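Accompanying notes for the structure given below.
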Amino acid sequence: MVKILVVDDDQDILDFVSACLSDSHEVTTATDGERGLYACDHTEFDIILTDIFMPFRDGLDITREAIKRYPNIKVIAMTSYHGKGHTDYLKAAEAYGARAQLRKPFGVDELRALIDQVLGA
């Protein structure tokens with residue numbers, strides 16, 4: 001079974017993603033970057049789905065550090081911050097090694113398709 005770590009400071013996102021994926025994947029959640037990296041140190045995950053903006057450690061830091069420590073892990077970065085006047089943080093995450101990006105809000109089908117795409121890559 002594929003192990004997915006979801007890191008986000010929004011409990012609604014954690015609940016939504018868990019509900020969408022837990023029927024076919026083992027889903028673990030963390031409410032901030034520190035807890036996310038701690039979880040990675042204790043469990044071998046296949047995918048990390050991380051928000052960009054969080055307390056303690058942001059998603060860019062998680063992306064960079066997780067890939068450095070665990071080269072086989074696949075990271076998907078997500079955020080609701082984008083558009084005119086903002087740096088494209090999702091592109092920055094890809095520069096740090098994220099395999100894909102997800103803009104919030106997203107639906108069940110979009111999430112599942114992206115997970116399948118990243119697993120197949």
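Ordering of the structure tokens sets the chain letters (A, B, ...); residue numbers start at 1 within each chain; ligands are numbered from 1 in the order shown.
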So which residues touch region 105-119 of chain A within 9 Å, counting only C-alpha atoms, skipping near sequence neighbours fewer than 2 positions away, as JSON, numbers by chain?
{"A": [2, 16, 17, 20, 21, 46, 47, 74, 75, 76, 79, 80, 99, 100, 101, 102, 103, 121]}
Selected residues written out, C-alpha atoms, as a PDB file, in the first residue's frame:
ATOM      1  CA  VAL A   2       1.286   3.474  -0.901  1.00  0.00           C
ATOM      2  CA  PHE A  16     -10.458  16.203   3.052  1.00  0.00           C
ATOM      3  CA  VAL A  17      -7.304  14.612   1.637  1.00  0.00           C
ATOM      4  CA  CYS A  20     -10.243  11.127  -0.483  1.00  0.00           C
ATOM      5  CA  LEU A  21      -7.250   8.811  -0.318  1.00  0.00           C
ATOM      6  CA  ASP A  46       6.201   7.225  -0.946  1.00  0.00           C
ATOM      7  CA  ILE A  47       4.665  10.689  -1.363  1.00  0.00           C
ATOM      8  CA  LYS A  74       8.030  12.139  -4.321  1.00  0.00           C
ATOM      9  CA  VAL A  75       6.778  15.557  -3.244  1.00  0.00           C
ATOM     10  CA  ILE A  76       3.636  17.349  -4.378  1.00  0.00           C
ATOM     11  CA  THR A  79      -0.972  26.301  -2.068  1.00  0.00           C
ATOM     12  CA  SER A  80      -3.846  28.689  -2.484  1.00  0.00           C
ATOM     13  CA  ARG A  99       7.356  16.368  -8.779  1.00  0.00           C
ATOM     14  CA  ALA A 100       4.023  18.153  -9.135  1.00  0.00           C
ATOM     15  CA  GLN A 101       1.961  21.066  -7.946  1.00  0.00           C
ATOM     16  CA  LEU A 102      -1.614  21.452  -6.810  1.00  0.00           C
ATOM     17  CA  ARG A 103      -3.558  24.687  -6.513  1.00  0.00           C
ATOM     18  CA  ALA A 121       6.337   8.731 -13.062  1.00  0.00           C
TER      19      ALA A 121
END
Long-range neighbours of region 22-32 of chain A as number ranges by chain, 10 Å cut-off, only C-alpha atoms, 2 positions minimum in chain
A: 1-11, 13-15, 17-20, 34-39, 43, 45-51, 53-59, 62
Expressed in Å to a single decimal, how great is the separation between CA of Gly120 (chain A) and CA of Gly33 (chain A)?
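Atom-to-atom, CA of Gly120 (chain A) to CA of Gly33 (chain A), that is 26.1 Å.
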Would you please work out which residue, of A:Leu60, A:Ala93, A:Ile52, A:Ala98, is nearest to Ile73 (chain A) when using only C-alpha atoms?
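Between A:Leu60, A:Ala93, A:Ile52, A:Ala98, the residue approaching Ile73 (chain A) most closely is A:Ala98.
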